[in-house]
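Everything below concerns the one structure shown next.
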Amino acid sequence: MADQGTAGPERARPTREALAREALAGVRADALAKGNRPAQAAVTRRDRAAPGRRERREDPQPLTAALDALIGDQGWALAAATGSVFGRWAQIVGPDLADHTKPESLTDGELTVTADSTAWATQLRLLAAQLVRRLNVELGDGAVRRVKVRGPAGSPRRPGEWRVRGSRGPGDTYG
């Protein structure tokens, strides 16, 4: 019996949604009383134009459409995509690989990437096929055909009197 008595007042309490609806109705009534009318969707110049009317060059365009048209007209599509990929290298290959590799150039479908150690160069060579597929998705099919991986650049060899036979020099970064 005590449970029924406590359940009654809880049912009478309005919900949050009902309170929000009441508050919104009050605000709308105040706005109408002041003479404010609800905003209507803005009608653009293109909406008013006749359906058969063609757009003129002088008509305003969204900035992205204008830039896309300029890039297409000038033949800069591959260069813009390449710059975008180089700028987003960490997002494309992941942060670990991006910390140890750097794209150098993309010419004639060959992407040249430099690694900071021979271990990372080997890792990148193993991932080259996946990287080509991923870059072709970003740049367009066939933009990248091959990935050329370069290892770390070492100091140039200096000829001298003393040499250790069989040593390859600074190319090996193990140890």
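Chain labels run A, B, ... following the order of the structure tokens; each chain numbers its residues from 1, and ligands are numbered from 1 in the order shown.
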I need the residues of region 84-132 of chain A that end up classed as helix (DSSP H, G or I) by DSSP on the backbone, written out as an mmCIF file with C-alpha atoms, in the first residue's frame.
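The result, written out as out20.cif:
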data_model
loop_
_atom_site.group_PDB
_atom_site.id
_atom_site.type_symbol
_atom_site.label_atom_id
_atom_site.label_comp_id
_atom_site.auth_asym_id
_atom_site.auth_seq_id
_atom_site.Cartn_x
_atom_site.Cartn_y
_atom_site.Cartn_z
ATOM 1 C CA SER A 84 47.670 16.034 -50.688
ATOM 2 C CA VAL A 85 49.065 12.534 -50.241
ATOM 3 C CA PHE A 86 52.493 13.835 -49.249
ATOM 4 C CA GLY A 87 50.848 16.172 -46.754
ATOM 5 C CA TRP A 89 51.506 10.704 -45.350
ATOM 6 C CA ALA A 90 51.015 9.813 -41.671
ATOM 7 C CA GLN A 91 47.285 9.229 -42.183
ATOM 8 C CA ILE A 92 47.861 7.025 -45.218
ATOM 9 C CA VAL A 93 50.665 4.774 -43.955
ATOM 10 C CA PRO A 95 52.034 6.919 -37.550
ATOM 11 C CA ASP A 96 54.698 4.242 -36.930
ATOM 12 C CA LEU A 97 55.732 3.937 -40.553
ATOM 13 C CA ALA A 98 55.451 7.697 -41.112
ATOM 14 C CA ASP A 99 57.881 8.356 -38.251
ATOM 15 C CA HIS A 100 60.586 6.402 -40.087
ATOM 16 C CA THR A 118 67.625 -0.496 -43.287
ATOM 17 C CA ALA A 119 65.086 -2.261 -41.070
ATOM 18 C CA TRP A 120 62.365 0.266 -41.953
ATOM 19 C CA ALA A 121 63.385 0.164 -45.612
ATOM 20 C CA THR A 122 62.888 -3.616 -45.569
ATOM 21 C CA GLN A 123 59.512 -3.212 -43.851
ATOM 22 C CA LEU A 124 58.428 -0.694 -46.475
ATOM 23 C CA ARG A 125 59.518 -3.005 -49.293
ATOM 24 C CA LEU A 126 57.317 -5.736 -47.818
ATOM 25 C CA ALA A 128 54.955 -1.865 -51.166
ATOM 26 C CA ALA A 129 52.047 -3.664 -52.886
ATOM 27 C CA GLN A 130 49.584 -2.534 -50.209
ATOM 28 C CA LEU A 131 50.962 0.990 -50.405
ATOM 29 C CA VAL A 132 50.505 1.084 -54.201
#
From the list A:Val113, A:Gly94, A:Thr101, A:Leu78, which residue is nearest Leu139 (chain A) when using only C-alpha atoms? A:Leu78
